[in-house]
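Working notes, beginning with the structure itself.
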Amino acid sequence: MSTLPRYDAEQIERSLQDYWEQHQRFKAQENLDKEKFYCLAMFPYPSGQLHMGHVRNYTLGDLIARAERMRGKNVLQPIGWDAFGLPAENAALQHQVAPSDWTFQNIEHMRNQLKRLGMAYDWDREITTCTPEYYRWEQWFFIQLFKRGLVYKKTSLVNWDPVDHTVLANEQVIDGRGWRSNALIERREISQWFLKITAYADELLDSLEDLNHWPQEVRTMQAHWIGRSKGAQIIFAIEDSKDILEVFSTRLDTLAGVTYLAIAADHPFAKKISAHHKALQDFKEACKHQQTAEAELATMEKKGLFTGHYALHPLSGERLPIWVANFVIMDYGTGALMAVPAHDERDFEFAQKYDLPIKAVVLPANGSTWDFNSKPFVEKGTVQAPLSCQGLSSEQAYQSLLNTLSQSHQALEKINYRLRDWGISRQRYWGTPIPMVNCLACGSVPVAEKDLPVLLPTGITLTKPQSPLKDLPEFLNTPCPNCHQPAQRETDTFDTFVESSWYYARYASYNQHQAMLDGRAKYWTPVDQYIGGIEHAVLHLLYARFFHKALRDLGLLNSDEPFTRLLTQGMVLKDGSKMSKSKGNTVDPAILLKQYGADTMRLFIIFAAPPTASLEWSDSGIAGSHRFLLRLWEQAHKSQLHLSQVEIDPLQKFKETTNIRYDLHLIVQQVSHDYERQQFNTLVSGAMKILNLLEKENLARQTDAQKHFLSEGFSLLLRILAPITPHISAFLWTELGYPGSILDAPWPKVDPEALKRDEIALVVQINGKLKATLQVPAQSDQKSIEALILENTHLAKHLKGQAIQKVIYVPNRLINFVVEVSHV
RNA sequence: GCCCGGGUGGCGGAAUAGGUAGACGCAAGGGACUUAAAAUCCCUCGGGAAAAUUUCCCGUGCCGGUUCGACUCCGGCUCCGGGCACCA
């Protein structure tokens with residue numbers, strides 16, 4: 001008895017990884033003979049350590065990339081680093097390291113970790129967004145957008161920390177206070193750059209319909225985010241004033257129910273009247289300490305103050321009190337709203353709190369009554385007022401009032417969007433400098449394209465939370481590109497979502513130094529398969545879609561959407577909650593990699609849950625996955641001797657193994673289907689089932705039929721596993737003497753002959769409840785089945801004395817007898 | 001608060017188009033091997049009742065509906081998760 005060689009995962013994996021790298025097995029080239037397949041997992045932020053979420057993301061991507069290669073595609077799978085961002089500045093302050101040094105060290109470490117996982121990346125195309133080679137083209141693109149009128153400046157609100165003198169991100173505001181200073185934050189208006197994503201709102205919404213291979217939930221979320229609605233912009237005159245208030249409402253039918261108006265604390269009218277209004281000044285001061293996040297606005301206590309002024313109802317001329325309300329924000333819409341407490345939840349609560357009138361004007365269409373003192377009626381119905389609309393449906397009243405009011409120029413139909421333009425200015429250091437110059441004479445002027453990139457000074461160690469760029473004269477001072485007089489650079493940097501909105505295209509033109517993109521980007525884009533966390537469902541994916549369309553309109557790309565197929569992976573949990581350092585429930589991939597190897601880790605993370613579901617980490621689960629690979633190793637080696645002697649003749653049929661080949665190919669069929677629908681966890685179940693079959697047959701392995709079966713079985717099994725556990729599969733493929741490299745072996749195919757059956761198991765039900773399963777000839781007709789059942793004593797007993805009312809027969813599947821229930 | 005998901009044994013999960021609920025694995029219990037342990041292999045494994053392998057009842061978060069038949073479709077709830085525009 002010869003002893004089995006030991007399964008040394010690390011040795012096998014490292015040597016194969018070296019071999020693949022030396023022979024550039026994953027280098028992508030444009031090839032018009034093969035269908036291209038661009039597979040991309042969202043690139044990581046280089047936080048320093050690979051975590052389980054990364055392992056999951058990149059294993060899923062690698063699985064698909066490798067499988068598509070086996071399916072004959074010309075595959076591109078690149079990787080890079082989303083390297084600008086807040087954590088580098090935090091680390092810099094904490095550890096006194098330059099953000100650039102910290103970032104590049106992290107990248108170095110994480111690159112090694114990814115390589116050790118055996119990902120089939122084309123490393124030549126590695127992109128790092130904090131390098132000038134990358135961000136110069138982002139600056140160039142920004143200038144193109146500027147030239148096309150898609151960039152503008154306006155003031156908007158930020159969280160201001162009055163102690164640290166810096167703008168805080170939403171996540172840095174904890175219970176209304178700065179995370180470092182603990183100071184009560186203030187809402188501050190500052191001037192910022194915006195990209196006109198709203199110019200593409202219609203297309204972004206309408207083309208969602210074409211994204212057939214995106215999860216419906218993501219499309220729904222984006223559609224709601226864009227929030228296109230038709231409504232009326234209505235003008236309310238203000239009593240004893242030339243000023244007017246403009247509001248937008250989709251429910252013009254409730255106009256007669258307006259009992260007050262609410263405006264933002266920083267609405268121009270509120271500003272105007274606050275000069276001699278102490279209470280209003282105090283109220284505005286209090287509003288300053290509110291946060292800007294929408295979740296905050298929605299859940300905080302709703303407060304208001306009567307301004308003492310009245311607006312006039314456009315229909316009746318009735319006096320409507322104008323209130324200032326803390327939940328109305330100048331950044332959204334017109335900063336003013338008409339309140340209809342009888343027909344709106346929030347208006348109702350506010351009216352109850354401040355004892356404002358509730359005036360019902362719409363009733364349920366079915367004629368039922370409604371208690372307007374307990375809750376508002378928010379649906380559409382039958383309109384009661386004004387008189388001219390009495391009895392009309394909400395829709396009819398809307399049209400009627402719109403006609404009337406637009407004739408008198410008091411209203412205008414308008415398409416409104418919930419989507420707001422994208423504010424891209426950040427008052428941060430570690431980001432792409434915004435390529436603009438502020439000149440006293442010429443205003444904001446873009447940097448000349450020949451002077452790009454505007455380099456971000458590196459090697460700077462931060463000493464305080466504010467951006468150092470303002471304090472660097474050599475960065476700040478520059479002649480105006482227009483009049484050449486002394487001027488100053490913009491010191492704000494881009495939102496890091498800007499980098500992640502076009503990186504997928506740059507991978508194609510990674511070494512192009514004369515242009516942002518070239519023809520190769522048109523060849524490779526759109527990405528055929530994009531993989532990333534569901535948390536990016538709206539923002540990142542919407543911004544990237546916007547950029548793609550803008551790049552198309554510049555002629556740089558020729559498709560309408562960046563990502564054809566989207567897979568949103570679930571989170572990795574431990575003990576029911578998200579792995580995080582603060583909870584102390586992290587699992588370090590590096591330790592497991594050392595203990596079990598890359599294949600085990602990849603296998604477990606694919607097996608443990610379907611890709612879109614959250615994945616509960618299990619230490620014993622990963623041990624089980626390792627055990628499976630050990631069994632595979634053992635069984636493969638046990639059969640090795642025999643396989644080399646087998647002459648494989650695929651046309652040869654063996655009666656002896658008909659049944660087991662049926663089982664085998666049924667699994668292969670299931671596995672193929674599971675790959676198509678991206679349910680990869682059952683791909684692993686299938687592989688396990690095949691190994692169970694092979695193990696049984698391996699005990700005997702004497703006849704030609706059995707040898708043939710083993711040869712076929714291992715060939716299928718190893719190819720199914722190759723995208724998931726590439727190292728052990730490649731190694732055993734060669735050990736067992738299969739031809740060529742498994743990297744290029746074809747994806748398994750079902751033998752339809754093996755699936756032909758003479759007999760099938762038919763389910764017998766009575767009143768929908770399972771009573772038996774019968775082996776019957778395939779394609780039997782109903783009559784012969786019924787006859788068969790009456791011969792069966794057990795079943796006949798059930799049917800005896802029952803009045804059969806109906807028989808449902810689904811051929812090759814089930815027969816259901818519907819009988820009258822004889823007793824209660 | 002609003003928008004979008006999810007809830008199936010002790011655990012992770014399976015059930016492809018409304019047709020056998022619990023595949024595959026983990027844990028647990030029992031057994032074999034061993035001086036012993038580990039490893040490995042075999043058996044059992046949703047709950048209850050009767051019972052020789054079988055039979056009956058209950059069971060997919062909760063309540064209700066559609067259907068010959070519902071984990072699957074519809075209505076209402078509940079709990080958990082994701083997003084809410086400056087975390088990425």
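Here's how to read the names in the structure tokens: chain A, B, ... by the order shown, residue numbers from 1 in each chain, ligand numbers from 1 in the order shown.
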> Near B:C43, counting only C-alpha atoms (C1' of nucleotides), which residues have an atom at most 12 Å away, once you skip same-chain residues fewer than 2 positions from it, shown as a PyMOL selection string?
Replying inline: chain B and resi 29-32+41+45
Mind writing the picked residues with all heavy atoms as a tab-separated table (two decimals), in the first residue's frame?
```tsv
chain	number	residue	atom	x	y	z
B	29	G	P	-22.12	15.24	21.91
B	29	G	OP1	-21.83	15.41	23.35
B	29	G	OP2	-20.99	15.09	20.95
B	29	G	O5'	-23.10	14.02	21.70
B	29	G	C5'	-24.28	13.91	22.50
B	29	G	C4'	-25.16	12.80	21.99
B	29	G	O4'	-25.61	13.11	20.65
B	29	G	C3'	-24.46	11.45	21.82
B	29	G	O3'	-24.32	10.75	23.04
B	29	G	C2'	-25.42	10.75	20.85
B	29	G	O2'	-26.60	10.31	21.50
B	29	G	C1'	-25.75	11.91	19.90
B	29	G	N9	-24.82	11.93	18.77
B	29	G	C8	-23.73	12.76	18.59
B	29	G	N7	-23.08	12.53	17.48
B	29	G	C5	-23.78	11.47	16.89
B	29	G	C6	-23.56	10.78	15.67
B	29	G	O6	-22.67	10.97	14.85
B	29	G	N1	-24.50	9.77	15.47
B	29	G	C2	-25.53	9.48	16.31
B	29	G	N2	-26.33	8.48	15.95
B	29	G	N3	-25.76	10.11	17.46
B	29	G	C4	-24.85	11.09	17.68
B	30	G	P	-23.03	9.77	23.23
B	30	G	OP1	-23.06	9.31	24.63
B	30	G	OP2	-21.82	10.43	22.70
B	30	G	O5'	-23.38	8.54	22.28
B	30	G	C5'	-24.46	7.66	22.62
B	30	G	C4'	-24.71	6.68	21.51
B	30	G	O4'	-25.01	7.40	20.29
B	30	G	C3'	-23.52	5.81	21.11
B	30	G	O3'	-23.29	4.74	22.01
B	30	G	C2'	-23.96	5.34	19.73
B	30	G	O2'	-24.96	4.34	19.80
B	30	G	C1'	-24.56	6.64	19.17
B	30	G	N9	-23.52	7.39	18.44
B	30	G	C8	-22.85	8.52	18.86
B	30	G	N7	-21.97	8.95	18.00
B	30	G	C5	-22.06	8.03	16.94
B	30	G	C6	-21.35	7.96	15.71
B	30	G	O6	-20.47	8.71	15.28
B	30	G	N1	-21.76	6.87	14.94
B	30	G	C2	-22.73	5.96	15.32
B	30	G	N2	-22.97	4.97	14.45
B	30	G	N3	-23.40	6.01	16.45
B	30	G	C4	-23.02	7.06	17.21
B	31	G	P	-21.74	4.25	22.27
B	31	G	OP1	-21.80	3.23	23.34
B	31	G	OP2	-20.87	5.44	22.43
B	31	G	O5'	-21.36	3.54	20.89
B	31	G	C5'	-21.95	2.29	20.56
B	31	G	C4'	-21.67	1.93	19.13
B	31	G	O4'	-21.96	3.07	18.27
B	31	G	C3'	-20.22	1.60	18.78
B	31	G	O3'	-19.83	0.31	19.20
B	31	G	C2'	-20.27	1.74	17.26
B	31	G	O2'	-20.91	0.63	16.65
B	31	G	C1'	-21.15	2.99	17.10
B	31	G	N9	-20.31	4.20	17.00
B	31	G	C8	-20.14	5.20	17.92
B	31	G	N7	-19.31	6.13	17.52
B	31	G	C5	-18.91	5.71	16.25
B	31	G	C6	-18.01	6.31	15.33
B	31	G	O6	-17.38	7.36	15.43
B	31	G	N1	-17.89	5.53	14.18
B	31	G	C2	-18.54	4.35	13.94
B	31	G	N2	-18.29	3.76	12.77
B	31	G	N3	-19.38	3.78	14.79
B	31	G	C4	-19.52	4.51	15.92
B	32	A	P	-18.28	-0.02	19.50
B	32	A	OP1	-18.20	-1.40	20.04
B	32	A	OP2	-17.69	1.10	20.28
B	32	A	O5'	-17.62	0.01	18.04
B	32	A	C5'	-17.92	-1.04	17.12
B	32	A	C4'	-17.18	-0.81	15.82
B	32	A	O4'	-17.53	0.51	15.30
B	32	A	C3'	-15.66	-0.75	15.96
B	32	A	O3'	-15.09	-2.05	15.99
B	32	A	C2'	-15.28	0.03	14.70
B	32	A	O2'	-15.29	-0.80	13.55
B	32	A	C1'	-16.41	1.04	14.62
B	32	A	N9	-16.06	2.34	15.24
B	32	A	C8	-16.44	2.83	16.46
B	32	A	N7	-15.97	4.02	16.74
B	32	A	C5	-15.23	4.35	15.62
B	32	A	C6	-14.47	5.48	15.28
B	32	A	N6	-14.35	6.55	16.07
B	32	A	N1	-13.84	5.49	14.08
B	32	A	C2	-13.97	4.42	13.28
B	32	A	N3	-14.66	3.30	13.49
B	32	A	C4	-15.27	3.32	14.68
B	41	C	P	-14.39	10.36	6.52
B	41	C	OP1	-14.55	10.71	5.10
B	41	C	OP2	-14.92	11.26	7.58
B	41	C	O5'	-14.99	8.91	6.76
B	41	C	C5'	-14.64	7.82	5.90
B	41	C	C4'	-15.14	6.53	6.49
B	41	C	O4'	-14.50	6.30	7.77
B	41	C	C3'	-16.62	6.50	6.82
B	41	C	O3'	-17.41	6.23	5.68
B	41	C	C2'	-16.69	5.39	7.86
B	41	C	O2'	-16.62	4.11	7.25
B	41	C	C1'	-15.41	5.64	8.65
B	41	C	N1	-15.63	6.50	9.85
B	41	C	C2	-16.13	5.91	11.01
B	41	C	O2	-16.39	4.69	11.00
B	41	C	N3	-16.34	6.67	12.11
B	41	C	C4	-16.06	7.98	12.07
B	41	C	N4	-16.27	8.69	13.17
B	41	C	C5	-15.55	8.61	10.90
B	41	C	C6	-15.35	7.84	9.82
B	45	C	P	-33.21	9.75	11.14
B	45	C	OP1	-34.65	9.46	11.05
B	45	C	OP2	-32.36	9.72	9.92
B	45	C	O5'	-33.01	11.16	11.84
B	45	C	C5'	-33.60	11.45	13.10
B	45	C	C4'	-32.97	12.71	13.66
B	45	C	O4'	-31.55	12.49	13.87
B	45	C	C3'	-33.00	13.90	12.71
B	45	C	O3'	-34.26	14.56	12.75
B	45	C	C2'	-31.86	14.75	13.25
B	45	C	O2'	-32.24	15.45	14.43
B	45	C	C1'	-30.84	13.68	13.63
B	45	C	N1	-29.84	13.44	12.55
B	45	C	C2	-28.69	14.23	12.52
B	45	C	O2	-28.54	15.11	13.38
B	45	C	N3	-27.77	14.04	11.54
B	45	C	C4	-27.98	13.09	10.62
B	45	C	N4	-27.04	12.93	9.67
B	45	C	C5	-29.13	12.27	10.63
B	45	C	C6	-30.03	12.47	11.60
```
Give me the residues near B:G81 as a JSON list (two decimals) with all heavy atoms, in the first residue's frame, where near means some atom within 10 Å (using only C-alpha atoms (C1' of nucleotides)) and where sequence neighbours in that chain fewer than 5 positions away do not count.
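As a result, part.json now contains:
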```json
[["chain", "number", "residue", "atom", "x", "y", "z"],
["A", 570, "GLY", "N", -24.25, 40.16, -0.41],
["A", 570, "GLY", "CA", -24.66, 40.48, 0.96],
["A", 570, "GLY", "C", -23.44, 40.69, 1.85],
["A", 570, "GLY", "O", -22.30, 40.46, 1.44],
["A", 571, "MET", "N", -23.69, 41.08, 3.06],
["A", 571, "MET", "CA", -22.60, 41.36, 3.99],
["A", 571, "MET", "C", -22.10, 40.08, 4.65],
["A", 571, "MET", "O", -22.76, 39.06, 4.64],
["A", 571, "MET", "CB", -23.08, 42.30, 5.08],
["A", 571, "MET", "CG", -23.38, 43.68, 4.59],
["A", 571, "MET", "SD", -23.79, 44.73, 5.97],
["A", 571, "MET", "CE", -24.99, 43.75, 6.78],
["A", 577, "SER", "N", -24.17, 40.05, 13.55],
["A", 577, "SER", "CA", -23.99, 41.46, 13.18],
["A", 577, "SER", "C", -22.74, 41.66, 12.35],
["A", 577, "SER", "O", -21.84, 40.80, 12.31],
["A", 577, "SER", "CB", -23.99, 42.34, 14.42],
["A", 577, "SER", "OG", -22.95, 41.96, 15.28],
["A", 578, "LYS", "N", -22.71, 42.79, 11.66],
["A", 578, "LYS", "CA", -21.65, 43.12, 10.74],
["A", 578, "LYS", "C", -20.29, 43.06, 11.45],
["A", 578, "LYS", "O", -20.15, 43.56, 12.56],
["A", 578, "LYS", "CB", -21.91, 44.54, 10.23],
["A", 578, "LYS", "CG", -21.06, 44.96, 9.06],
["A", 578, "LYS", "CD", -21.54, 46.30, 8.55],
["A", 578, "LYS", "CE", -20.61, 46.82, 7.46],
["A", 578, "LYS", "NZ", -21.17, 48.01, 6.81],
["A", 614, "SER", "N", -26.84, 37.73, 3.16],
["A", 614, "SER", "CA", -25.76, 37.96, 4.10],
["A", 614, "SER", "C", -25.18, 36.60, 4.50],
["A", 614, "SER", "O", -25.85, 35.58, 4.42],
["A", 614, "SER", "CB", -26.25, 38.72, 5.32],
["A", 614, "SER", "OG", -27.31, 38.03, 5.93],
["B", 5, "G", "P", -38.25, 45.55, -2.83],
["B", 5, "G", "OP1", -38.83, 45.09, -4.09],
["B", 5, "G", "OP2", -39.11, 45.70, -1.63],
["B", 5, "G", "O5'", -37.01, 44.60, -2.48],
["B", 5, "G", "C5'", -37.12, 43.73, -1.42],
["B", 5, "G", "C4'", -35.74, 43.28, -1.03],
["B", 5, "G", "O4'", -35.09, 44.33, -0.26],
["B", 5, "G", "C3'", -35.80, 42.08, -0.12],
["B", 5, "G", "O3'", -35.70, 40.91, -0.89],
["B", 5, "G", "C2'", -34.64, 42.30, 0.84],
["B", 5, "G", "O2'", -33.42, 41.88, 0.28],
["B", 5, "G", "C1'", -34.67, 43.82, 0.99],
["B", 5, "G", "N9", -35.61, 44.29, 2.01],
["B", 5, "G", "C8", -36.74, 45.05, 1.82],
["B", 5, "G", "N7", -37.37, 45.33, 2.93],
["B", 5, "G", "C5", -36.60, 44.73, 3.92],
["B", 5, "G", "C6", -36.78, 44.71, 5.32],
["B", 5, "G", "O6", -37.67, 45.22, 6.00],
["B", 5, "G", "N1", -35.78, 43.99, 5.96],
["B", 5, "G", "C2", -34.73, 43.38, 5.32],
["B", 5, "G", "N2", -33.86, 42.73, 6.10],
["B", 5, "G", "N3", -34.55, 43.40, 4.00],
["B", 5, "G", "C4", -35.52, 44.09, 3.37],
["B", 6, "G", "P", -36.81, 39.75, -0.64],
["B", 6, "G", "OP1", -36.58, 38.74, -1.71],
["B", 6, "G", "OP2", -38.14, 40.35, -0.46],
["B", 6, "G", "O5'", -36.34, 39.14, 0.76],
["B", 6, "G", "C5'", -35.09, 38.47, 0.86],
["B", 6, "G", "C4'", -34.66, 38.36, 2.29],
["B", 6, "G", "O4'", -34.69, 39.67, 2.93],
["B", 6, "G", "C3'", -35.56, 37.53, 3.19],
["B", 6, "G", "O3'", -35.30, 36.15, 3.03],
["B", 6, "G", "C2'", -35.16, 38.02, 4.58],
["B", 6, "G", "O2'", -33.92, 37.50, 4.97],
["B", 6, "G", "C1'", -35.00, 39.52, 4.30],
["B", 6, "G", "N9", -36.20, 40.29, 4.62],
["B", 6, "G", "C8", -37.03, 40.93, 3.73],
["B", 6, "G", "N7", -38.01, 41.57, 4.31],
["B", 6, "G", "C5", -37.81, 41.33, 5.67],
["B", 6, "G", "C6", -38.55, 41.76, 6.80],
["B", 6, "G", "O6", -39.56, 42.47, 6.82],
["B", 6, "G", "N1", -38.01, 41.29, 7.99],
["B", 6, "G", "C2", -36.89, 40.49, 8.08],
["B", 6, "G", "N2", -36.52, 40.14, 9.32],
["B", 6, "G", "N3", -36.19, 40.09, 7.05],
["B", 6, "G", "C4", -36.70, 40.54, 5.88]]
```
> Could you list, as a list of chain:residue names, every residue of chain A that has an atom within 7 Å of an atom of chain B, counting only C-alpha atoms (C1' of nucleotides)?
Replying inline: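 The contacting residues on chain A are A:Tyr45, A:Leu168, A:Ala169, A:Asn170, A:Glu171, A:Glu217, A:Met221, A:His224, A:Glu294, A:Ala295, A:Ala298, A:Thr299, A:Ile534, A:Glu535, A:Ala608, A:Ala609, A:Glu616, A:Ser620, A:Gly621, A:Ser685, A:Met688, A:Val763, A:Asn767, A:Gly768, A:Leu770, A:Ile808, A:Leu814, A:Val818.
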>> Can you tell me which residues surround A:Ala41 at a distance of at most 6 Å, considering only C-alpha atoms (C1' of nucleotides), apart from same-chain residues fewer than 4 positions away, and format the answer as an NGL selection string?
In response: :A and (61 or 530-532)
Store the residues picked out above, limited to all heavy atoms, as a PDB file, in the first residue's frame.
```pdb
ATOM      1  N   GLY A  61     -16.083  37.565  -7.930  1.00  0.00           N
ATOM      2  CA  GLY A  61     -15.619  38.082  -9.224  1.00  0.00           C
ATOM      3  C   GLY A  61     -14.722  37.074  -9.919  1.00  0.00           C
ATOM      4  O   GLY A  61     -14.867  36.801 -11.114  1.00  0.00           O
ATOM      5  N   TYR A 530     -20.664  43.211 -13.060  1.00  0.00           N
ATOM      6  CA  TYR A 530     -20.154  44.043 -11.972  1.00  0.00           C
ATOM      7  C   TYR A 530     -20.612  43.419 -10.665  1.00  0.00           C
ATOM      8  O   TYR A 530     -21.751  42.963 -10.565  1.00  0.00           O
ATOM      9  CB  TYR A 530     -20.710  45.461 -12.118  1.00  0.00           C
ATOM     10  CG  TYR A 530     -19.963  46.533 -11.358  1.00  0.00           C
ATOM     11  CD1 TYR A 530     -18.581  46.491 -11.218  1.00  0.00           C
ATOM     12  CD2 TYR A 530     -20.646  47.616 -10.806  1.00  0.00           C
ATOM     13  CE1 TYR A 530     -17.899  47.500 -10.542  1.00  0.00           C
ATOM     14  CE2 TYR A 530     -19.969  48.629 -10.137  1.00  0.00           C
ATOM     15  CZ  TYR A 530     -18.593  48.559 -10.003  1.00  0.00           C
ATOM     16  OH  TYR A 530     -17.927  49.560  -9.341  1.00  0.00           O
ATOM     17  N   ILE A 531     -19.718  43.404  -9.677  1.00  0.00           N
ATOM     18  CA  ILE A 531     -20.032  42.749  -8.409  1.00  0.00           C
ATOM     19  C   ILE A 531     -19.668  43.672  -7.261  1.00  0.00           C
ATOM     20  O   ILE A 531     -18.556  44.199  -7.213  1.00  0.00           O
ATOM     21  CB  ILE A 531     -19.234  41.436  -8.248  1.00  0.00           C
ATOM     22  CG1 ILE A 531     -19.491  40.521  -9.440  1.00  0.00           C
ATOM     23  CG2 ILE A 531     -19.607  40.719  -6.951  1.00  0.00           C
ATOM     24  CD1 ILE A 531     -18.241  40.057 -10.108  1.00  0.00           C
ATOM     25  N   GLY A 532     -20.595  43.877  -6.349  1.00  0.00           N
ATOM     26  CA  GLY A 532     -20.285  44.720  -5.198  1.00  0.00           C
ATOM     27  C   GLY A 532     -21.413  44.708  -4.192  1.00  0.00           C
ATOM     28  O   GLY A 532     -22.452  44.096  -4.412  1.00  0.00           O
TER      29      GLY A 532
END
```
>> Residues within 8 Å of stretch 285-290 of chain A, please, as number ranges by chain. Count only C-alpha atoms (C1' of nucleotides); anything in the same chain fewer than 6 positions from it doesn't count.
In response: A: 176, 184-188, 265, 326
>> DSSP on the backbone: which residues in stretch 111-301 of chain A end up as strand (DSSP E or B)? Give the answer as JSON, numbers by chain.
In response: {"A": [127, 128, 151, 152, 153, 154, 155, 156, 157, 158, 159, 160, 161, 166, 167, 168, 173, 174, 177, 178, 184, 186, 187, 188, 189, 190, 191, 192, 193, 194, 195, 213, 229, 230, 231, 232, 233, 234, 235, 236, 237, 238, 244, 245, 246, 247, 248, 249, 260, 261, 262, 263]}
Please write the residues from the selection above to a file, keeping C-alpha atoms, as a short mmCIF file (atom, residue, chain, number, x, y, z; two decimals), in the first residue's frame.
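New file again_35.cif:
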```cif
data_model
loop_
_atom_site.label_atom_id
_atom_site.label_comp_id
_atom_site.auth_asym_id
_atom_site.auth_seq_id
_atom_site.Cartn_x
_atom_site.Cartn_y
_atom_site.Cartn_z
CA ILE A 127 -5.02 51.52 -11.09
CA THR A 128 -4.39 53.72 -8.06
CA VAL A 151 -20.68 72.29 -13.76
CA TYR A 152 -21.79 75.22 -11.63
CA LYS A 153 -21.21 76.78 -8.27
CA LYS A 154 -23.77 77.48 -5.60
CA THR A 155 -23.99 77.66 -1.85
CA SER A 156 -25.09 74.67 0.12
CA LEU A 157 -25.13 73.43 3.70
CA VAL A 158 -22.34 71.62 5.48
CA ASN A 159 -21.73 70.43 9.03
CA TRP A 160 -19.34 72.93 10.60
CA ASP A 161 -17.30 72.10 13.66
CA THR A 166 -13.52 72.20 9.79
CA VAL A 167 -16.33 70.68 7.80
CA LEU A 168 -17.45 67.30 9.08
CA VAL A 173 -21.36 64.00 13.56
CA ILE A 174 -22.49 61.99 16.56
CA ARG A 177 -21.63 66.93 18.02
CA GLY A 178 -18.23 66.75 16.38
CA LEU A 184 -22.17 71.26 18.98
CA GLU A 186 -23.44 74.21 13.14
CA ARG A 187 -25.09 74.22 9.77
CA ARG A 188 -23.09 76.51 7.55
CA GLU A 189 -23.66 77.69 4.02
CA ILE A 190 -20.60 77.56 1.81
CA SER A 191 -20.01 77.92 -1.90
CA GLN A 192 -19.43 74.61 -3.65
CA TRP A 193 -19.14 73.01 -7.08
CA PHE A 194 -22.01 70.94 -8.42
CA LEU A 195 -22.34 68.56 -11.35
CA HIS A 213 -29.77 41.99 -15.64
CA SER A 229 -43.13 63.49 -10.45
CA LYS A 230 -45.54 65.73 -12.28
CA GLY A 231 -47.08 68.52 -10.30
CA ALA A 232 -47.77 72.21 -10.16
CA GLN A 233 -45.53 75.06 -9.20
CA ILE A 234 -47.98 77.38 -7.44
CA ILE A 235 -47.52 81.02 -6.63
CA PHE A 236 -48.83 82.42 -3.34
CA ALA A 237 -48.93 86.19 -3.00
CA ILE A 238 -47.93 87.60 0.37
CA ILE A 244 -44.29 85.81 -3.43
CA LEU A 245 -43.87 82.26 -2.22
CA GLU A 246 -43.44 79.48 -4.75
CA VAL A 247 -44.34 75.94 -3.79
CA PHE A 248 -44.43 72.65 -5.67
CA SER A 249 -47.20 70.13 -5.15
CA TYR A 260 -50.96 77.44 6.21
CA LEU A 261 -47.62 77.68 4.44
CA ALA A 262 -44.26 76.54 5.79
CA ILE A 263 -40.92 77.95 4.72
#
```
>> Please return, as a ChimeraX atom specification, all residues of stretch 694-757 of chain A that DSSP assigns to helix (DSSP H, G or I) on the basis of the backbone.
In response: /A:694-700,704-721,726-735,742-744,752-755
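Closest approach to B:A15 from the set B:U66, B:A50, B:U60, B:G75 is made by B:U60, with distances taken over only C-alpha atoms (C1' of nucleotides).
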>> Give me the residues near B:G9 as a VMD selection string, where near means some atom within 12 Å (using only C-alpha atoms (C1' of nucleotides)) and where sequence neighbours in that chain fewer than 5 positions away do not count.
In response: chain B and resid 21 to 22 45 to 47 59 to 60
> Skipping near chain neighbours, those fewer than 6 positions away, what residues fall within 12 Å of B:A39 using only C-alpha atoms (C1' of nucleotides), listed as number ranges by chain?
Replying inline: A: 627, 630; B: 33
> What lies within 8 Å of A:Ala544 using only C-alpha atoms (C1' of nucleotides), ignoring chain neighbours under 5 positions off, as a list in words?
Replying inline: Ser500, Ser501, Trp502 and Pro562 of chain A
Requested write-out: N, CA, C and O atoms of the selected residues, as a PDB file, in the first residue's frame:
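again.pdb, written as the output of this step:
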```pdb
ATOM      1  N   SER A 500     -14.440  56.886  -8.366  1.00  0.00           N
ATOM      2  CA  SER A 500     -15.038  55.558  -8.559  1.00  0.00           C
ATOM      3  C   SER A 500     -16.128  55.561  -9.634  1.00  0.00           C
ATOM      4  O   SER A 500     -16.711  54.531  -9.911  1.00  0.00           O
ATOM      5  N   SER A 501     -16.360  56.725 -10.240  1.00  0.00           N
ATOM      6  CA  SER A 501     -17.409  56.790 -11.259  1.00  0.00           C
ATOM      7  C   SER A 501     -16.902  56.492 -12.664  1.00  0.00           C
ATOM      8  O   SER A 501     -17.691  56.403 -13.597  1.00  0.00           O
ATOM      9  N   TRP A 502     -15.584  56.387 -12.832  1.00  0.00           N
ATOM     10  CA  TRP A 502     -15.088  56.133 -14.196  1.00  0.00           C
ATOM     11  C   TRP A 502     -13.911  55.169 -14.254  1.00  0.00           C
ATOM     12  O   TRP A 502     -13.419  54.858 -15.327  1.00  0.00           O
ATOM     13  N   PRO A 562     -22.927  51.641 -18.048  1.00  0.00           N
ATOM     14  CA  PRO A 562     -21.601  51.106 -17.712  1.00  0.00           C
ATOM     15  C   PRO A 562     -21.584  49.627 -17.325  1.00  0.00           C
ATOM     16  O   PRO A 562     -20.599  48.939 -17.571  1.00  0.00           O
TER      17      PRO A 562
END
```
